[in-house]
$ cat query-v9.txt   # compact mmCIF, N, CA, C and O atoms
# COMPACT_ATOMS: atom_id res chain seq x y z
N MET A 68 102.84 -96.73 13.94
CA MET A 68 102.73 -95.82 15.06
C MET A 68 101.40 -95.09 14.98
O MET A 68 101.01 -94.57 13.94
N LYS A 69 100.70 -95.04 16.08
CA LYS A 69 99.40 -94.39 16.13
C LYS A 69 99.57 -92.90 16.42
O LYS A 69 100.18 -92.52 17.41
N THR A 70 99.03 -92.07 15.55
CA THR A 70 99.10 -90.63 15.75
C THR A 70 97.93 -90.17 16.60
O THR A 70 96.91 -90.87 16.69
N PRO A 71 98.04 -89.00 17.22
CA PRO A 71 96.92 -88.50 18.05
C PRO A 71 95.63 -88.31 17.24
O PRO A 71 94.54 -88.39 17.78
N ASP A 72 95.77 -88.07 15.95
CA ASP A 72 94.59 -87.85 15.11
C ASP A 72 93.99 -89.14 14.57
O ASP A 72 92.95 -89.10 13.92
N GLN A 73 94.63 -90.27 14.80
CA GLN A 73 94.18 -91.53 14.20
C GLN A 73 92.76 -91.90 14.63
O GLN A 73 91.97 -92.37 13.83
N ASP A 74 92.43 -91.70 15.91
CA ASP A 74 91.08 -92.02 16.38
C ASP A 74 90.04 -91.19 15.65
O ASP A 74 89.00 -91.68 15.25
N PHE A 75 90.34 -89.89 15.47
CA PHE A 75 89.42 -89.01 14.74
C PHE A 75 89.29 -89.45 13.29
O PHE A 75 88.19 -89.53 12.75
N ILE A 76 90.41 -89.77 12.66
CA ILE A 76 90.39 -90.20 11.26
C ILE A 76 89.57 -91.47 11.10
O ILE A 76 88.77 -91.60 10.17
N ASN A 77 89.75 -92.42 12.01
CA ASN A 77 88.99 -93.67 11.94
C ASN A 77 87.51 -93.44 12.15
O ASN A 77 86.67 -94.08 11.51
N GLU A 78 87.16 -92.52 13.04
CA GLU A 78 85.75 -92.28 13.37
C GLU A 78 85.03 -91.51 12.26
O GLU A 78 83.86 -91.73 12.00
N TYR A 79 85.72 -90.60 11.59
CA TYR A 79 85.06 -89.71 10.63
C TYR A 79 85.63 -89.84 9.21
O TYR A 79 85.60 -88.89 8.44
N LYS A 80 86.12 -91.02 8.86
CA LYS A 80 86.61 -91.21 7.49
C LYS A 80 85.43 -91.10 6.52
O LYS A 80 84.28 -91.33 6.89
N PRO A 81 85.72 -90.75 5.28
CA PRO A 81 84.63 -90.61 4.30
C PRO A 81 83.83 -91.91 4.15
O PRO A 81 84.36 -93.01 4.30
N LEU A 82 82.58 -91.75 3.86
CA LEU A 82 81.67 -92.88 3.70
C LEU A 82 81.98 -93.60 2.38
O LEU A 82 82.07 -92.98 1.33
N HIS A 83 82.14 -94.90 2.46
CA HIS A 83 82.36 -95.72 1.26
C HIS A 83 81.01 -96.12 0.68
O HIS A 83 80.16 -96.65 1.39
N VAL A 84 80.82 -95.88 -0.61
CA VAL A 84 79.59 -96.27 -1.29
C VAL A 84 79.90 -97.49 -2.17
O VAL A 84 80.66 -97.38 -3.13
N PRO A 85 79.35 -98.65 -1.81
CA PRO A 85 79.61 -99.86 -2.61
C PRO A 85 79.09 -99.73 -4.03
O PRO A 85 78.11 -99.02 -4.29
N HIS A 86 79.72 -100.42 -4.96
CA HIS A 86 79.28 -100.36 -6.37
C HIS A 86 78.22 -101.40 -6.69
O HIS A 86 77.64 -101.37 -7.77
N GLU A 87 77.97 -102.33 -5.75
CA GLU A 87 76.92 -103.32 -5.97
C GLU A 87 76.41 -103.83 -4.62
O GLU A 87 77.07 -103.66 -3.59
N TYR A 88 75.23 -104.43 -4.65
CA TYR A 88 74.65 -105.02 -3.44
C TYR A 88 75.37 -106.33 -3.16
O TYR A 88 75.61 -107.13 -4.06
N ASP A 89 75.73 -106.54 -1.90
CA ASP A 89 76.41 -107.77 -1.52
C ASP A 89 75.71 -108.36 -0.30
O ASP A 89 75.77 -107.79 0.79
N PRO A 90 75.01 -109.49 -0.46
CA PRO A 90 74.28 -110.07 0.67
C PRO A 90 75.18 -110.48 1.83
O PRO A 90 74.71 -110.61 2.96
N ASN A 91 76.47 -110.62 1.59
CA ASN A 91 77.41 -110.99 2.65
C ASN A 91 78.06 -109.78 3.32
O ASN A 91 78.84 -109.93 4.24
N SER A 92 77.73 -108.59 2.83
CA SER A 92 78.31 -107.37 3.38
C SER A 92 77.54 -106.93 4.63
O SER A 92 76.46 -107.44 4.92
N CYS A 93 78.09 -105.96 5.34
CA CYS A 93 77.42 -105.47 6.55
C CYS A 93 76.17 -104.67 6.17
O CYS A 93 76.03 -104.19 5.04
N THR A 94 75.28 -104.54 7.12
CA THR A 94 74.01 -103.83 6.90
C THR A 94 74.25 -102.41 6.44
O THR A 94 73.58 -101.91 5.53
N GLN A 95 75.21 -101.71 7.06
CA GLN A 95 75.47 -100.33 6.70
C GLN A 95 75.84 -100.20 5.23
O GLN A 95 75.33 -99.32 4.53
N SER A 96 76.70 -101.07 4.74
CA SER A 96 77.10 -101.00 3.33
C SER A 96 75.92 -101.19 2.40
O SER A 96 75.77 -100.48 1.40
N ASN A 97 75.04 -102.12 2.73
CA ASN A 97 73.88 -102.38 1.87
C ASN A 97 72.86 -101.24 1.94
O ASN A 97 72.25 -100.90 0.93
N VAL A 98 72.70 -100.63 3.09
CA VAL A 98 71.80 -99.47 3.21
C VAL A 98 72.36 -98.31 2.39
O VAL A 98 71.63 -97.64 1.66
N VAL A 99 73.65 -98.06 2.49
CA VAL A 99 74.28 -96.99 1.72
C VAL A 99 74.16 -97.27 0.22
O VAL A 99 73.86 -96.37 -0.57
N TYR A 100 74.34 -98.52 -0.18
CA TYR A 100 74.17 -98.88 -1.59
C TYR A 100 72.75 -98.57 -2.07
O TYR A 100 72.56 -97.95 -3.12
N ALA A 101 71.76 -98.98 -1.28
CA ALA A 101 70.36 -98.74 -1.66
C ALA A 101 70.07 -97.25 -1.75
O ALA A 101 69.41 -96.79 -2.68
N LEU A 102 70.56 -96.47 -0.79
CA LEU A 102 70.35 -95.02 -0.83
C LEU A 102 71.02 -94.42 -2.06
O LEU A 102 70.44 -93.55 -2.72
N ALA A 103 72.20 -94.88 -2.41
CA ALA A 103 72.88 -94.37 -3.60
C ALA A 103 72.08 -94.65 -4.86
O ALA A 103 72.02 -93.82 -5.76
N GLN A 104 71.44 -95.81 -4.92
CA GLN A 104 70.62 -96.15 -6.07
C GLN A 104 69.39 -95.24 -6.17
O GLN A 104 68.97 -94.88 -7.26
N LEU A 105 68.84 -94.87 -5.02
CA LEU A 105 67.64 -94.05 -4.99
C LEU A 105 67.95 -92.55 -5.07
O LEU A 105 67.05 -91.76 -5.34
N LYS A 106 69.17 -92.16 -4.79
CA LYS A 106 69.65 -90.78 -4.77
C LYS A 106 69.11 -89.99 -3.58
O LYS A 106 69.86 -89.34 -2.90
N GLU A 107 67.82 -90.02 -3.33
CA GLU A 107 67.21 -89.38 -2.16
C GLU A 107 65.99 -90.20 -1.77
O GLU A 107 65.18 -90.54 -2.63
N ALA A 108 65.89 -90.54 -0.47
CA ALA A 108 64.79 -91.40 -0.05
C ALA A 108 64.60 -91.36 1.46
O ALA A 108 65.51 -91.01 2.20
N THR A 109 63.40 -91.75 1.88
CA THR A 109 63.12 -91.93 3.29
C THR A 109 63.68 -93.28 3.72
O THR A 109 64.03 -94.12 2.88
N ALA A 110 63.72 -93.51 5.02
CA ALA A 110 64.18 -94.80 5.53
C ALA A 110 63.26 -95.92 5.03
O ALA A 110 63.74 -97.01 4.68
N ASP A 111 61.97 -95.66 4.97
CA ASP A 111 61.03 -96.68 4.48
C ASP A 111 61.29 -97.02 3.01
O ASP A 111 61.22 -98.18 2.60
N GLU A 112 61.60 -96.00 2.20
CA GLU A 112 61.90 -96.25 0.79
C GLU A 112 63.20 -97.04 0.62
O GLU A 112 63.28 -97.92 -0.24
N VAL A 113 64.19 -96.74 1.44
CA VAL A 113 65.43 -97.50 1.40
C VAL A 113 65.16 -98.94 1.83
O VAL A 113 65.66 -99.89 1.21
N GLY A 114 64.34 -99.12 2.87
CA GLY A 114 63.97 -100.46 3.30
C GLY A 114 63.26 -101.23 2.21
O GLY A 114 63.52 -102.43 2.01
N PHE A 115 62.38 -100.57 1.47
CA PHE A 115 61.67 -101.23 0.37
C PHE A 115 62.65 -101.64 -0.73
O PHE A 115 62.56 -102.75 -1.27
N LYS A 116 63.60 -100.76 -1.05
CA LYS A 116 64.62 -101.08 -2.06
C LYS A 116 65.43 -102.30 -1.61
O LYS A 116 65.70 -103.21 -2.41
N LEU A 117 65.77 -102.35 -0.32
CA LEU A 117 66.51 -103.51 0.20
C LEU A 117 65.68 -104.78 0.11
O LEU A 117 66.22 -105.86 -0.14
N SER A 118 64.36 -104.66 0.31
CA SER A 118 63.50 -105.85 0.23
C SER A 118 63.44 -106.40 -1.18
O SER A 118 63.22 -107.60 -1.38
N LEU A 119 63.65 -105.55 -2.18
CA LEU A 119 63.71 -106.02 -3.56
C LEU A 119 65.03 -106.73 -3.83
O LEU A 119 65.09 -107.68 -4.62
N LEU A 120 66.08 -106.28 -3.15
CA LEU A 120 67.40 -106.88 -3.33
C LEU A 120 67.59 -108.15 -2.51
O LEU A 120 68.36 -109.03 -2.90
N ALA A 121 66.90 -108.22 -1.37
CA ALA A 121 67.02 -109.38 -0.48
C ALA A 121 65.63 -109.76 0.04
O ALA A 121 65.29 -109.50 1.19
N PRO A 122 64.82 -110.38 -0.82
CA PRO A 122 63.43 -110.68 -0.45
C PRO A 122 63.28 -111.72 0.65
O PRO A 122 62.21 -111.86 1.23
N GLU A 123 64.34 -112.45 0.97
CA GLU A 123 64.26 -113.45 2.03
C GLU A 123 64.15 -112.83 3.42
O GLU A 123 63.76 -113.49 4.38
N THR A 124 64.46 -111.55 3.54
CA THR A 124 64.34 -110.82 4.80
C THR A 124 63.06 -109.99 4.75
O THR A 124 62.72 -109.42 3.71
N SER A 125 62.37 -109.90 5.87
CA SER A 125 61.08 -109.19 5.89
C SER A 125 61.26 -107.70 5.63
O SER A 125 62.29 -107.10 5.98
N LEU A 126 60.24 -107.10 5.04
CA LEU A 126 60.24 -105.66 4.77
C LEU A 126 60.42 -104.88 6.07
O LEU A 126 61.17 -103.90 6.11
N MET A 127 59.75 -105.31 7.13
CA MET A 127 59.84 -104.60 8.41
C MET A 127 61.28 -104.59 8.92
O MET A 127 61.75 -103.57 9.43
N THR A 128 61.99 -105.68 8.77
CA THR A 128 63.39 -105.76 9.20
C THR A 128 64.25 -104.81 8.38
O THR A 128 65.08 -104.08 8.93
N HIS A 129 64.05 -104.82 7.06
CA HIS A 129 64.80 -103.91 6.20
C HIS A 129 64.53 -102.46 6.57
O HIS A 129 65.46 -101.65 6.62
N GLN A 130 63.28 -102.12 6.82
CA GLN A 130 62.95 -100.74 7.15
C GLN A 130 63.55 -100.31 8.48
O GLN A 130 64.04 -99.20 8.63
N LYS A 131 63.54 -101.19 9.46
CA LYS A 131 64.14 -100.90 10.77
C LYS A 131 65.65 -100.73 10.63
O LYS A 131 66.23 -99.79 11.19
N ASN A 132 66.29 -101.63 9.89
CA ASN A 132 67.73 -101.51 9.66
C ASN A 132 68.07 -100.21 8.94
O ASN A 132 69.03 -99.52 9.31
N ALA A 133 67.29 -99.87 7.93
CA ALA A 133 67.53 -98.64 7.18
C ALA A 133 67.38 -97.42 8.10
O ALA A 133 68.22 -96.52 8.07
N GLU A 134 66.35 -97.41 8.90
CA GLU A 134 66.13 -96.28 9.81
C GLU A 134 67.29 -96.14 10.79
O GLU A 134 67.81 -95.03 10.99
N ASP A 135 67.73 -97.24 11.38
CA ASP A 135 68.84 -97.20 12.34
C ASP A 135 70.13 -96.71 11.69
O ASP A 135 70.81 -95.83 12.23
N VAL A 136 70.47 -97.27 10.54
CA VAL A 136 71.72 -96.91 9.87
C VAL A 136 71.68 -95.47 9.38
O VAL A 136 72.63 -94.71 9.58
N LEU A 137 70.59 -95.07 8.76
CA LEU A 137 70.50 -93.70 8.23
C LEU A 137 70.53 -92.67 9.35
O LEU A 137 71.19 -91.63 9.21
N ASN A 138 69.85 -92.93 10.45
CA ASN A 138 69.90 -92.00 11.59
C ASN A 138 71.32 -91.90 12.14
O ASN A 138 71.80 -90.81 12.46
N TYR A 139 71.99 -93.03 12.26
CA TYR A 139 73.37 -93.06 12.76
C TYR A 139 74.29 -92.23 11.85
O TYR A 139 75.06 -91.38 12.32
N LEU A 140 74.21 -92.47 10.54
CA LEU A 140 75.07 -91.76 9.59
C LEU A 140 74.75 -90.27 9.56
O LEU A 140 75.65 -89.43 9.46
N PHE A 141 73.47 -89.93 9.65
CA PHE A 141 73.05 -88.53 9.66
C PHE A 141 73.57 -87.84 10.92
O PHE A 141 74.11 -86.73 10.84
N ASN A 142 73.43 -88.48 12.06
CA ASN A 142 73.88 -87.88 13.32
C ASN A 142 75.40 -87.69 13.35
O ASN A 142 75.90 -86.79 14.03
N LYS A 143 76.14 -88.53 12.61
CA LYS A 143 77.59 -88.37 12.51
C LYS A 143 77.99 -87.34 11.47
O LYS A 143 79.16 -86.98 11.36
N GLY A 144 77.02 -86.88 10.68
CA GLY A 144 77.32 -85.90 9.65
C GLY A 144 77.87 -86.49 8.37
O GLY A 144 78.44 -85.78 7.55
N LEU A 145 77.68 -87.80 8.18
CA LEU A 145 78.22 -88.45 6.98
C LEU A 145 77.25 -88.44 5.80
O LEU A 145 77.67 -88.69 4.67
N ILE A 146 75.97 -88.21 6.07
CA ILE A 146 74.98 -88.05 5.01
C ILE A 146 74.10 -86.86 5.38
O ILE A 146 74.13 -86.39 6.52
N LYS A 147 73.33 -86.39 4.43
CA LYS A 147 72.44 -85.25 4.67
C LYS A 147 70.99 -85.72 4.62
O LYS A 147 70.68 -86.79 4.10
N ALA A 148 70.12 -84.87 5.14
CA ALA A 148 68.69 -85.15 5.10
C ALA A 148 67.92 -83.84 5.00
O ALA A 148 68.36 -82.81 5.50
N ILE A 149 66.79 -83.94 4.32
CA ILE A 149 65.88 -82.80 4.16
C ILE A 149 64.53 -83.22 4.70
O ILE A 149 64.04 -84.31 4.38
N ASN A 150 63.92 -82.36 5.50
CA ASN A 150 62.59 -82.66 6.04
C ASN A 150 61.55 -82.28 4.99
O ASN A 150 61.39 -81.12 4.63
N LYS A 151 60.85 -83.30 4.49
CA LYS A 151 59.77 -83.09 3.51
C LYS A 151 58.51 -83.73 4.06
O LYS A 151 58.47 -84.93 4.30
N ASN A 152 57.50 -82.91 4.28
CA ASN A 152 56.21 -83.39 4.78
C ASN A 152 56.35 -84.19 6.08
O ASN A 152 55.70 -85.21 6.27
N GLY A 153 57.25 -83.75 6.95
CA GLY A 153 57.41 -84.40 8.25
C GLY A 153 58.27 -85.65 8.24
O GLY A 153 58.40 -86.31 9.26
N GLN A 154 58.85 -86.00 7.10
CA GLN A 154 59.73 -87.17 7.01
C GLN A 154 61.10 -86.73 6.52
O GLN A 154 61.20 -85.85 5.66
N LEU A 155 62.12 -87.37 7.06
CA LEU A 155 63.47 -87.08 6.58
C LEU A 155 63.73 -87.83 5.28
O LEU A 155 63.53 -89.04 5.20
N ASN A 156 64.18 -87.10 4.28
CA ASN A 156 64.62 -87.67 3.01
C ASN A 156 66.14 -87.58 3.00
O ASN A 156 66.70 -86.49 2.96
N TYR A 157 66.79 -88.73 3.06
CA TYR A 157 68.24 -88.80 3.15
C TYR A 157 68.87 -88.77 1.77
O TYR A 157 68.27 -89.21 0.79
N ASN A 158 70.10 -88.24 1.70
CA ASN A 158 70.85 -88.28 0.46
C ASN A 158 72.34 -88.29 0.77
O ASN A 158 72.75 -87.96 1.88
N LEU A 159 73.12 -88.68 -0.19
CA LEU A 159 74.57 -88.75 -0.01
C LEU A 159 75.25 -87.44 -0.38
O LEU A 159 76.46 -87.33 -0.29
N SER A 160 74.47 -86.46 -0.79
CA SER A 160 74.95 -85.14 -1.21
C SER A 160 76.16 -85.24 -2.13
O SER A 160 77.16 -84.57 -1.96
N LYS A 161 76.02 -86.11 -3.13
CA LYS A 161 77.06 -86.27 -4.13
C LYS A 161 76.99 -85.11 -5.12
O LYS A 161 75.92 -84.65 -5.48
N ILE A 162 78.14 -84.68 -5.57
CA ILE A 162 78.19 -83.66 -6.61
C ILE A 162 77.97 -84.38 -7.94
O ILE A 162 78.72 -85.28 -8.30
N GLU A 163 76.92 -84.00 -8.64
CA GLU A 163 76.57 -84.71 -9.87
C GLU A 163 76.88 -83.92 -11.13
O GLU A 163 76.81 -84.45 -12.22
N THR A 164 77.20 -82.63 -10.98
CA THR A 164 77.59 -81.85 -12.15
C THR A 164 78.98 -81.28 -11.90
O THR A 164 79.27 -80.77 -10.81
N ALA A 165 79.81 -81.38 -12.90
CA ALA A 165 81.19 -80.90 -12.75
C ALA A 165 81.21 -79.39 -12.70
O ALA A 165 80.39 -78.70 -13.31
N ASN A 166 82.18 -78.84 -11.95
CA ASN A 166 82.33 -77.39 -11.94
C ASN A 166 83.05 -76.97 -13.21
O ASN A 166 83.51 -77.80 -13.99
N SER A 167 83.18 -75.67 -13.40
CA SER A 167 83.78 -75.17 -14.64
C SER A 167 85.28 -75.38 -14.70
O SER A 167 85.88 -75.24 -15.76
N GLY A 168 85.88 -75.68 -13.57
CA GLY A 168 87.33 -75.88 -13.54
C GLY A 168 88.09 -74.60 -13.38
O GLY A 168 89.32 -74.58 -13.41
N LYS A 169 87.40 -73.49 -13.22
CA LYS A 169 88.07 -72.20 -13.07
C LYS A 169 87.84 -71.69 -11.66
O LYS A 169 86.82 -71.94 -11.05
N ALA A 170 88.80 -70.96 -11.17
CA ALA A 170 88.69 -70.34 -9.85
C ALA A 170 89.13 -68.90 -9.94
O ALA A 170 89.95 -68.52 -10.79
N ASP A 171 88.58 -68.10 -9.05
CA ASP A 171 89.01 -66.70 -8.99
C ASP A 171 90.45 -66.65 -8.47
O ASP A 171 90.87 -67.49 -7.70
N GLU A 172 91.16 -65.64 -8.89
CA GLU A 172 92.52 -65.46 -8.38
C GLU A 172 92.44 -65.15 -6.90
O GLU A 172 91.52 -64.46 -6.44
N LEU A 173 93.40 -65.66 -6.14
CA LEU A 173 93.39 -65.47 -4.70
C LEU A 173 93.76 -64.05 -4.32
O LEU A 173 93.23 -63.49 -3.36
N LEU A 174 94.69 -63.47 -4.98
CA LEU A 174 95.14 -62.10 -4.64
C LEU A 174 95.12 -61.21 -5.83
O LEU A 174 95.23 -61.51 -6.92
$ encode --input "query-v9.txt" --output "structure tokens"
Amino acid sequence: MKTPDQDFINEYKPLHVPHEYDPNSCTQSNVVYALAQLKEATADEVGFKLSLLAPETSLMTHQKNAEDVLNYLFNKGLIKAINKNGQLNYNLSKIETANSGKADELL
């Protein structure tokens, strides 16, 4: 049974980060994988990383794909970006250091 929230859940589900590059996977998955490897990068840098992983495709194609996917994900709010020297540097805003595990009492 489809709930009223199902469309929203499908549209804004958390971003899946692949654990490896897969040449048979969709472009978005491979762009996200490359960005995860770089931690923070411009679309051109992600495109260059993809060209190292799949050299049979032109660098220009990888860079265009990276730009399209990263802009799409950023506009949906699924990834973050910081403007550095006039270029967007994208990141997955992953938490890399654990918190202390303690919280203030609520009341």
$ closest_residue --input "query-v9.txt" --among "A:Ala121, A:Leu155, A:Ala110, A:Ile149" --to "A:Asp135" --atoms "all atoms listed in the file"
A:Ala110
$ select_by_dssp --input "query-v9.txt" --residues "chain A" --states "strand (DSSP E)" --output "list of chain:residue names"
A:Glu107, A:Ala108, A:Lys147, A:Ala148, A:Ile149, A:Asn150, A:Lys151, A:Gln154, A:Leu155, A:Asn156, A:Tyr157, A:Asn158
$ write_last_selection --input "query-v9.txt" --atoms "N, CA, C and O atoms" --output "compact mmCIF listing (two decimals), in the coordinates of the input"
# COMPACT_ATOMS: atom_id res chain seq x y z
N GLU A 107 67.82 -90.02 -3.33
CA GLU A 107 67.21 -89.38 -2.16
C GLU A 107 65.99 -90.20 -1.77
O GLU A 107 65.18 -90.54 -2.63
N ALA A 108 65.89 -90.54 -0.47
CA ALA A 108 64.79 -91.40 -0.05
C ALA A 108 64.60 -91.36 1.46
O ALA A 108 65.51 -91.01 2.20
N LYS A 147 73.33 -86.39 4.43
CA LYS A 147 72.44 -85.25 4.67
C LYS A 147 70.99 -85.72 4.62
O LYS A 147 70.68 -86.79 4.10
N ALA A 148 70.12 -84.87 5.14
CA ALA A 148 68.69 -85.15 5.10
C ALA A 148 67.92 -83.84 5.00
O ALA A 148 68.36 -82.81 5.50
N ILE A 149 66.79 -83.94 4.32
CA ILE A 149 65.88 -82.80 4.16
C ILE A 149 64.53 -83.22 4.70
O ILE A 149 64.04 -84.31 4.38
N ASN A 150 63.92 -82.36 5.50
CA ASN A 150 62.59 -82.66 6.04
C ASN A 150 61.55 -82.28 4.99
O ASN A 150 61.39 -81.12 4.63
N LYS A 151 60.85 -83.30 4.49
CA LYS A 151 59.77 -83.09 3.51
C LYS A 151 58.51 -83.73 4.06
O LYS A 151 58.47 -84.93 4.30
N GLN A 154 58.85 -86.00 7.10
CA GLN A 154 59.73 -87.17 7.01
C GLN A 154 61.10 -86.73 6.52
O GLN A 154 61.20 -85.85 5.66
N LEU A 155 62.12 -87.37 7.06
CA LEU A 155 63.47 -87.08 6.58
C LEU A 155 63.73 -87.83 5.28
O LEU A 155 63.53 -89.04 5.20
N ASN A 156 64.18 -87.10 4.28
CA ASN A 156 64.62 -87.67 3.01
C ASN A 156 66.14 -87.58 3.00
O ASN A 156 66.70 -86.49 2.96
N TYR A 157 66.79 -88.73 3.06
CA TYR A 157 68.24 -88.80 3.15
C TYR A 157 68.87 -88.77 1.77
O TYR A 157 68.27 -89.21 0.79
N ASN A 158 70.10 -88.24 1.70
CA ASN A 158 70.85 -88.28 0.46
C ASN A 158 72.34 -88.29 0.77
O ASN A 158 72.75 -87.96 1.88
$ atom_distance --input "query-v9.txt" --atom1 "atom N of A:His83" --atom2 "atom CA of A:Asn152"
28.5 Å
$ atom_distance --input "query-v9.txt" --atom1 "atom C of A:Phe115" --atom2 "atom C of A:Leu137"
15.6 Å
$ atom_distance --input "query-v9.txt" --atom1 "atom CA of A:Lys131" --atom2 "atom CA of A:Glu107"
17.6 Å
$ select_by_dssp --input "query-v9.txt" --residues "chain A" --states "helix (DSSP H, G or I)" --output "MDAnalysis selection string"
chainID A and resid 73:78 94:105 110:120 126:142
$ residues_around --input "query-v9.txt" --residues "A:Ala103" --least-positions-apart "2" --cutoff "12 Å" --atoms "only C-alpha atoms" --output "PyMOL selection string"
chain A and resi 82-88+96-101+105-108+112-113+116-117+146+157-161
$ residues_around --input "query-v9.txt" --residues "stretch 71-78 of chain A" --least-positions-apart "5" --cutoff "12 Å" --atoms "only C-alpha atoms" --output "PyMOL selection string"
chain A and resi 140+143-145
$ axis_aligned_box --input "query-v9.txt" --around "stretch 104-117 of chain A" --padding-each-side "8 Å" --output "AutoDock Vina command-line options"
--center_x 66.2 --center_y -97.6 --center_z -0.9 --size_x 26.4 --size_y 32.5 --size_z 28.8
